Each structure stands twice: as C-alpha cells, then as structure tokens.
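J.: Pasting query27.txt here (compact mmCIF, C-alpha atoms and all ligand atoms):
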# COMPACT_ATOMS: atom_id res chain seq x y z
CA MET A 1 0.00 0.00 0.00
CA MET A 2 1.35 3.41 -0.92
CA ASN A 3 1.94 5.74 1.96
CA ILE A 4 0.58 9.27 2.00
CA ARG A 5 3.98 10.90 1.48
CA TRP A 6 4.61 8.82 -1.65
CA ILE A 7 1.16 9.64 -3.03
CA SER A 8 1.71 13.35 -2.35
CA ALA A 9 5.02 13.22 -4.18
CA LEU A 10 3.37 11.46 -7.12
CA VAL A 11 0.56 14.03 -7.30
CA LEU A 12 3.10 16.86 -7.16
CA ALA A 13 5.16 15.25 -9.94
CA VAL A 14 2.07 14.87 -12.16
CA CYS A 15 1.12 18.50 -11.56
CA LEU A 16 4.61 19.74 -12.38
CA ALA A 17 4.66 17.64 -15.55
CA ALA A 18 1.33 19.15 -16.59
CA ILE A 19 2.73 22.64 -16.06
CA ALA A 20 5.91 21.85 -17.95
CA ILE A 21 4.13 20.49 -21.02
CA PRO A 22 3.53 23.33 -23.50
CA ALA A 23 -0.03 24.18 -24.44
CA ALA A 24 0.41 22.91 -28.00
CA GLU A 25 -2.47 20.76 -29.11
CA PRO A 26 -1.65 17.98 -31.55
CA GLY A 27 -2.86 18.60 -35.07
CA LYS A 28 -3.53 22.29 -34.46
CA THR A 29 -1.60 25.15 -35.98
CA LYS A 30 0.27 27.01 -33.25
CA VAL A 31 -0.34 30.73 -33.66
CA LEU A 32 1.10 33.78 -31.89
CA VAL A 33 -1.19 36.82 -32.23
CA VAL A 34 0.88 39.99 -31.85
CA THR A 35 -0.55 43.39 -30.91
CA GLY A 36 0.81 46.64 -29.48
CA GLY A 37 1.38 50.17 -30.76
CA HIS A 38 -2.20 50.65 -31.96
CA GLY A 39 -5.55 50.35 -30.22
CA PHE A 40 -8.06 47.66 -31.17
CA GLU A 41 -11.30 46.10 -29.99
CA ARG A 42 -9.81 43.31 -27.99
CA GLU A 43 -12.69 40.95 -27.40
CA PRO A 44 -14.17 40.70 -30.91
CA PHE A 45 -10.66 40.61 -32.39
CA LEU A 46 -9.46 37.73 -30.23
CA ASP A 47 -12.74 35.93 -30.93
CA LEU A 48 -11.49 35.52 -34.52
CA PHE A 49 -8.86 33.12 -33.15
CA ALA A 50 -10.74 31.66 -30.20
CA ARG A 51 -13.42 30.32 -32.52
CA ASN A 52 -11.01 28.87 -35.05
CA PRO A 53 -11.03 25.11 -34.34
CA ASP A 54 -7.86 24.49 -36.35
CA ILE A 55 -5.51 26.61 -34.25
CA ALA A 56 -4.17 26.98 -30.73
CA PHE A 57 -3.26 30.61 -30.17
CA THR A 58 -1.39 32.78 -27.72
CA HIS A 59 -1.85 36.55 -27.58
CA ALA A 60 1.18 38.75 -26.87
CA ALA A 61 1.52 42.54 -26.87
CA HIS A 62 4.66 44.61 -27.29
CA SER A 63 5.52 46.79 -24.31
CA GLY A 64 6.83 50.29 -24.93
CA THR A 65 7.52 51.61 -28.41
CA ASN A 66 9.60 48.76 -29.81
CA ALA A 67 8.92 45.18 -30.76
CA THR A 68 9.49 43.32 -27.49
CA VAL A 69 7.41 40.30 -28.48
CA TYR A 70 10.29 39.15 -30.71
CA GLU A 71 12.36 38.60 -27.56
CA ARG A 72 10.07 35.79 -26.38
CA GLU A 73 11.90 32.56 -25.56
CA ASP A 74 9.26 30.52 -27.39
CA LEU A 75 9.23 32.69 -30.55
CA LEU A 76 10.46 29.95 -32.87
CA SER A 77 7.95 27.39 -31.59
CA TYR A 78 4.99 28.92 -33.49
CA ASP A 79 3.80 27.88 -36.95
CA VAL A 80 2.34 31.29 -37.74
CA LEU A 81 2.54 34.84 -36.35
CA VAL A 82 -0.46 37.11 -36.89
CA LEU A 83 0.74 40.72 -36.83
CA TYR A 84 -1.95 43.20 -35.77
CA ASP A 85 0.63 45.48 -34.23
CA MET A 86 2.10 48.86 -35.14
CA PRO A 87 5.37 49.40 -33.27
CA LYS A 88 7.46 52.37 -34.30
CA ASN A 89 10.88 50.89 -33.65
CA ILE A 90 12.69 47.57 -33.64
CA THR A 91 16.03 47.05 -31.92
CA GLU A 92 18.88 45.23 -33.65
CA ASN A 93 18.33 42.20 -31.45
CA GLN A 94 14.58 42.14 -32.16
CA ARG A 95 15.28 42.52 -35.88
CA SER A 96 17.58 39.52 -35.96
CA LYS A 97 14.97 37.46 -34.10
CA PHE A 98 12.31 38.58 -36.61
CA LEU A 99 14.58 37.49 -39.46
CA SER A 100 15.17 34.13 -37.77
CA LEU A 101 11.42 33.50 -38.14
CA LEU A 102 11.85 33.73 -41.90
CA ASP A 103 14.79 31.30 -41.84
CA ARG A 104 12.73 28.85 -39.87
CA GLY A 105 9.74 29.20 -42.23
CA THR A 106 7.27 30.63 -39.73
CA GLY A 107 4.27 31.99 -41.64
CA LEU A 108 3.27 35.64 -41.27
CA VAL A 109 -0.30 36.88 -41.54
CA VAL A 110 -0.07 40.66 -41.50
CA LEU A 111 -3.30 42.55 -40.83
CA HIS A 112 -4.48 46.10 -41.47
CA HIS A 113 -2.43 48.69 -39.52
CA ALA A 114 0.66 46.44 -39.38
CA LEU A 115 1.33 47.98 -42.83
CA VAL A 116 2.42 51.10 -40.92
CA SER A 117 4.98 49.46 -38.59
CA PHE A 118 8.73 50.16 -38.55
CA GLN A 119 8.82 53.25 -40.79
CA LYS A 120 12.61 53.43 -40.32
CA TRP A 121 13.27 49.78 -41.26
CA PRO A 122 13.22 49.57 -45.08
CA ASP A 123 13.52 45.76 -45.18
CA TYR A 124 10.15 45.37 -43.46
CA GLU A 125 8.45 46.80 -46.55
CA GLY A 126 10.18 44.27 -48.77
CA ILE A 127 9.33 41.38 -46.47
CA ILE A 128 5.62 42.05 -46.09
CA GLY A 129 5.29 43.39 -49.63
CA GLY A 130 4.16 46.94 -48.94
CA ARG A 131 4.16 50.05 -46.80
CA TYR A 132 1.75 52.74 -45.68
CA PRO A 133 4.20 55.66 -45.57
CA GLU A 134 3.78 58.10 -42.73
CA GLY A 135 6.24 60.43 -44.45
CA SER A 136 7.51 63.55 -42.79
CA SER A 137 4.06 64.57 -41.58
CA SER A 138 2.95 63.52 -38.14
CA SER A 139 1.52 60.05 -37.69
CA GLY A 140 -2.12 59.87 -38.66
CA ALA A 141 -2.17 62.91 -40.97
CA VAL A 142 -4.59 62.49 -43.87
CA THR A 143 -3.69 64.09 -47.20
CA PRO A 144 -4.94 63.53 -50.74
CA ALA A 145 -1.76 61.53 -51.37
CA VAL A 146 -1.78 59.27 -48.29
CA GLY A 147 -4.59 58.70 -45.86
CA TYR A 148 -7.38 56.65 -44.41
CA GLU A 149 -11.12 56.87 -43.89
CA HIS A 150 -13.26 54.99 -41.39
CA ASP A 151 -16.77 53.59 -41.76
CA VAL A 152 -16.78 52.93 -45.46
CA ASP A 153 -18.78 50.28 -47.29
CA VAL A 154 -15.96 48.70 -49.25
CA PRO A 155 -16.78 46.58 -52.32
CA VAL A 156 -14.25 43.74 -52.32
CA THR A 157 -13.48 41.80 -55.48
CA ILE A 158 -11.78 38.42 -55.57
CA VAL A 159 -8.75 38.66 -57.87
CA ALA A 160 -7.11 35.26 -57.30
CA ARG A 161 -9.93 32.82 -57.93
CA ASP A 162 -7.73 29.71 -57.70
CA HIS A 163 -5.62 30.63 -54.68
CA PRO A 164 -6.26 28.48 -51.55
CA ILE A 165 -7.01 31.63 -49.51
CA THR A 166 -9.67 32.99 -51.86
CA ALA A 167 -10.90 30.03 -53.94
CA GLY A 168 -14.68 29.75 -53.94
CA LEU A 169 -15.26 33.12 -52.25
CA ARG A 170 -17.60 35.57 -53.93
CA ASP A 171 -17.16 39.31 -54.19
CA PHE A 172 -18.55 40.94 -51.05
CA THR A 173 -19.02 44.26 -49.27
CA ILE A 174 -17.49 44.98 -45.89
CA HIS A 175 -17.94 47.97 -43.56
CA ASP A 176 -14.37 48.85 -42.80
CA GLU A 177 -11.58 51.43 -43.05
CA ILE A 178 -9.88 52.24 -46.35
CA TYR A 179 -6.27 53.36 -46.88
CA TRP A 180 -4.86 55.12 -49.91
CA GLY A 181 -1.33 56.00 -50.97
CA PHE A 182 0.22 52.78 -49.68
CA ARG A 183 2.99 51.18 -51.70
CA VAL A 184 2.85 47.59 -52.93
CA GLY A 185 5.85 45.57 -54.11
CA ALA A 186 6.08 44.35 -57.69
CA ASP A 187 6.67 40.76 -56.53
CA VAL A 188 3.40 40.17 -54.68
CA THR A 189 0.51 37.97 -55.78
CA PRO A 190 -2.69 40.03 -55.43
CA LEU A 191 -5.67 38.23 -53.86
CA LEU A 192 -8.30 40.93 -53.37
CA SER A 193 -9.05 44.30 -54.91
CA THR A 194 -11.78 46.93 -54.75
CA THR A 195 -13.69 49.26 -57.02
CA HIS A 196 -13.88 51.93 -54.30
CA PRO A 197 -12.61 55.13 -55.94
CA ARG A 198 -10.51 56.36 -53.00
CA SER A 199 -9.11 53.08 -51.72
CA GLY A 200 -5.64 51.88 -52.60
CA ARG A 201 -5.35 48.44 -54.14
CA PRO A 202 -4.84 45.55 -54.01
CA LEU A 203 -6.50 44.90 -50.64
CA ALA A 204 -4.67 41.62 -50.01
CA TRP A 205 -1.66 39.83 -51.35
CA THR A 206 0.80 37.03 -50.69
CA ARG A 207 4.52 36.64 -51.18
CA ALA A 208 7.32 34.35 -50.06
CA GLN A 209 10.46 35.41 -48.21
CA SER A 210 13.25 33.00 -47.36
CA ASN A 211 11.36 29.92 -46.09
CA SER A 212 8.20 31.76 -45.03
CA ARG A 213 4.85 32.36 -46.58
CA ILE A 214 3.48 35.84 -46.01
CA VAL A 215 -0.06 37.18 -46.39
CA TYR A 216 -1.18 40.80 -46.06
CA LEU A 217 -4.86 41.72 -45.56
CA GLN A 218 -5.66 45.43 -45.52
CA LEU A 219 -9.12 44.81 -44.04
CA GLY A 220 -9.79 44.57 -40.31
CA HIS A 221 -10.26 47.89 -38.49
CA ASP A 222 -12.89 46.97 -35.93
CA ARG A 223 -15.70 44.62 -34.93
CA GLN A 224 -17.71 45.41 -38.03
CA ALA A 225 -14.92 43.78 -40.03
CA PHE A 226 -14.15 41.09 -37.44
CA GLU A 227 -17.78 39.93 -37.50
CA ASN A 228 -17.97 39.79 -41.30
CA PRO A 229 -18.01 36.08 -42.28
CA ASN A 230 -15.88 36.72 -45.36
CA PHE A 231 -13.22 38.44 -43.27
CA ARG A 232 -13.27 35.60 -40.75
CA GLN A 233 -12.82 33.09 -43.52
CA LEU A 234 -9.97 35.08 -45.08
CA VAL A 235 -8.10 35.26 -41.76
CA ALA A 236 -8.60 31.55 -41.05
CA ARG A 237 -7.54 30.51 -44.54
CA SER A 238 -4.54 32.86 -44.47
CA ILE A 239 -3.34 31.20 -41.26
CA GLY A 240 -3.83 27.76 -42.81
CA TRP A 241 -1.95 28.71 -45.96
CA ALA A 242 0.88 30.49 -44.15
CA ALA A 243 1.35 27.47 -41.88
CA ARG A 244 2.36 25.57 -45.01
CA PRO A 245 1.04 22.15 -43.97
CA ASP A 246 2.03 20.69 -47.34
CA GLY A 247 5.65 21.68 -46.72
CA GLY A 248 6.04 23.33 -50.12
CA ILE A 249 6.83 26.92 -50.95
CA THR A 250 4.55 28.29 -53.59
CA ARG A 251 3.02 31.66 -54.04
ZN ZN A 301 -7.75 50.90 -38.61
Written as structure tokens, how would this file's structure read?

T.:
Amino acid sequence: MMNIRWISALVLAVCLAAIAIPAAEPGKTKVLVVTGGHGFEREPFLDLFARNPDIAFTHAAHSGTNATVYEREDLLSYDVLVLYDMPKNITENQRSKFLSLLDRGTGLVVLHHALVSFQKWPDYEGIIGGRYPEGSSSSGAVTPAVGYEHDVDVPVTIVARDHPITAGLRDFTIHDEIYWGFRVGADVTPLLSTTHPRSGRPLAWTRAQSNSRIVYLQLGHDRQAFENPNFRQLVARSIGWAARPDGGITR
C-alpha cells in the first residue's frame, strides 16, 4: 500500500509535468497573435482566433515603443505569427529574431495597420510586400496623397480565384476602413481588390520570403470587419496557408 507521502510526491510530480508540457495541441496550428502600438477592440478581435477550431493561439503585446514580443523565448515554436501590431521601432536584437522567423519558415499573416509598422526599417516593406508611408508629416495625418477613412462600405473583389485563400469566395461588401497611398511591391501575388474610388489596391496579397509564406490583408479595423463572415474566412484561410502544412513553398 502506498503511503501518503509517496502519493503526495506522485501528485506533485504529475502537476509539475502538466505545467511543464507546452499548451500545443496535436494537429492544431500554433499561432502567436501579436498586438501593441495601436488600439483595437480586444474581445471581438481575439474571438477571430478563439473560434477557429484548427488553431491553438497565444496573444502577446509589445511593451513600450519597440517590438518586445520578438524577444520571447518561445518565438520559434509557433507555426504562424499574426501581426496586428504597429510598433514604431525595432532594436537590432529584435530585428535579428524577426529574421530568424523567416529562416525557420514561420508563416506571417499581416493585418491592417501592421502595414504602418517600422517606418525606419526599409527591409520590413520588402518582407511584407508593402508600406503605408507616414512620411515627414505627423503620424495619422490624412492628405490627398496618403490617408485613411473609417466607416466605409468597401466593395471587395476576388482577384485570385484559384488561390487556396480565396478560392470559392464571392465578391462581397465589408464595412471597414480604407487606406490610400500605400505602396505595394512588384513581386506580390494580389488576392483581393476593390472598385472603391478612394481606396488603394490591391487589398490583399501574398509573397514568399526566405522559407516563409506571407499574407497581407488590408481589411480589419474593428468589430464590423471582425464579424464579417468573409473576413473571418480570409483570416482563417490565411493562417492555414501560411502554416504551409504541405511543406512546399509556392506563391
Ligand atoms: Zn484601422
């Protein structure tokens, strides 16, 4: 018969083992959702990931004005990072950690205002395939050349009808924020566009960098976008595609 002390030790060992085992769930894509540097509607945004049965996600926010999330010990354990952040600066150490994600093949799903991040790091534009330039004017200034407008009914057209992220989707309208004046790299594959006269285009694209698949979606300002079923599907499919379950690199 086991004595009490032995049983207590066994229970303690089981508890410690449970704590030590990471939260990864077999068969699920491991996702790190990154925020910080820009406000957002937390609950409806995180619901996008909480209700996705194919992923196990962790939410992390940068602290201060640089990209502290890239200093996480577990950074390279994720299949995909979702960037919904807008940090101004990135230290040299954080930059090298960011680049190590691309060597490893971690997928990046870059959403909405993350097109504005790291204005002083030119390589970021090349990696994600575009840039909303703040220019010399103060952050948030709207001009005819570069700007944004909230609460717009945006007609979205599917450009890439055979791409895994957009295949089978129909053109739709979403109540969201538009940007104009953003730059887009020549080497991206456009997925979505719009007929809205003031919006920049395309509204979504993919590219590959090093071993990583990268998706950018311009949509996604607030709950009116988060609750749109087409947006939800685009985010979920982008994560699935960027996770590269087939192991191949294609655009
Ligand atoms: Zn916004």

J.: For a test of reading the model, state the distance in Å between CA of Asp171 in chain A and CA of His221 in chain A, rounded to one decimal.

T.: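 One can read the CA of Asp171 in chain A to CA of His221 in chain A distance as 19.2 Å.
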
J.: Could you list, as number ranges by chain, every residue within 10 Å of range 215-218 of chain A, counting all atoms listed in the file and ignoring same-chain residues fewer than 3 positions away?

T.: A: 82-83, 107-115, 128-130, 165, 176-179, 188-192, 200-208, 212, 221, 231, 234-235, 238-239, 241-242, 251

J.: Which of these residues is nearest to ligand ZN 301 (chain A), using all atoms listed in the file: A:Phe172, A:Phe45, A:Phe40, A:Tyr124?

T.: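 Smallest distance to ligand ZN 301 (chain A) is found for A:Phe40.
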
J.: Considering all atoms listed in the file, state which residue in the set A:Ala56, A:Leu32, A:Leu102, A:Leu46 is at the smallest distance from Tyr78 in chain A.

T.: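 The shortest atom-to-atom distance to Tyr78 in chain A comes from A:Leu32.
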
J.: Looking at all atoms listed in the file, which of A:Thr29, A:Asn66, A:Thr143, A:Gln233 is the one that sits closest to Asp54 in chain A?

T.: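 Distance minimum relative to Asp54 in chain A lands on A:Thr29.
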
J.: Any idea what the distance is between CA of Val156 in chain A and CA of His59 in chain A?

T.: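 Between CA of Val156 in chain A and CA of His59 in chain A the gap works out to 28.6 Å.
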
J.: Would you list the contacts of Asn228 in chain A as a count of residues only, taking every protein, DNA or RNA residue within 9 Å and counting all atoms listed in the file, but skipping same-chain residues closer than 5 positions in sequence?

T.: 4
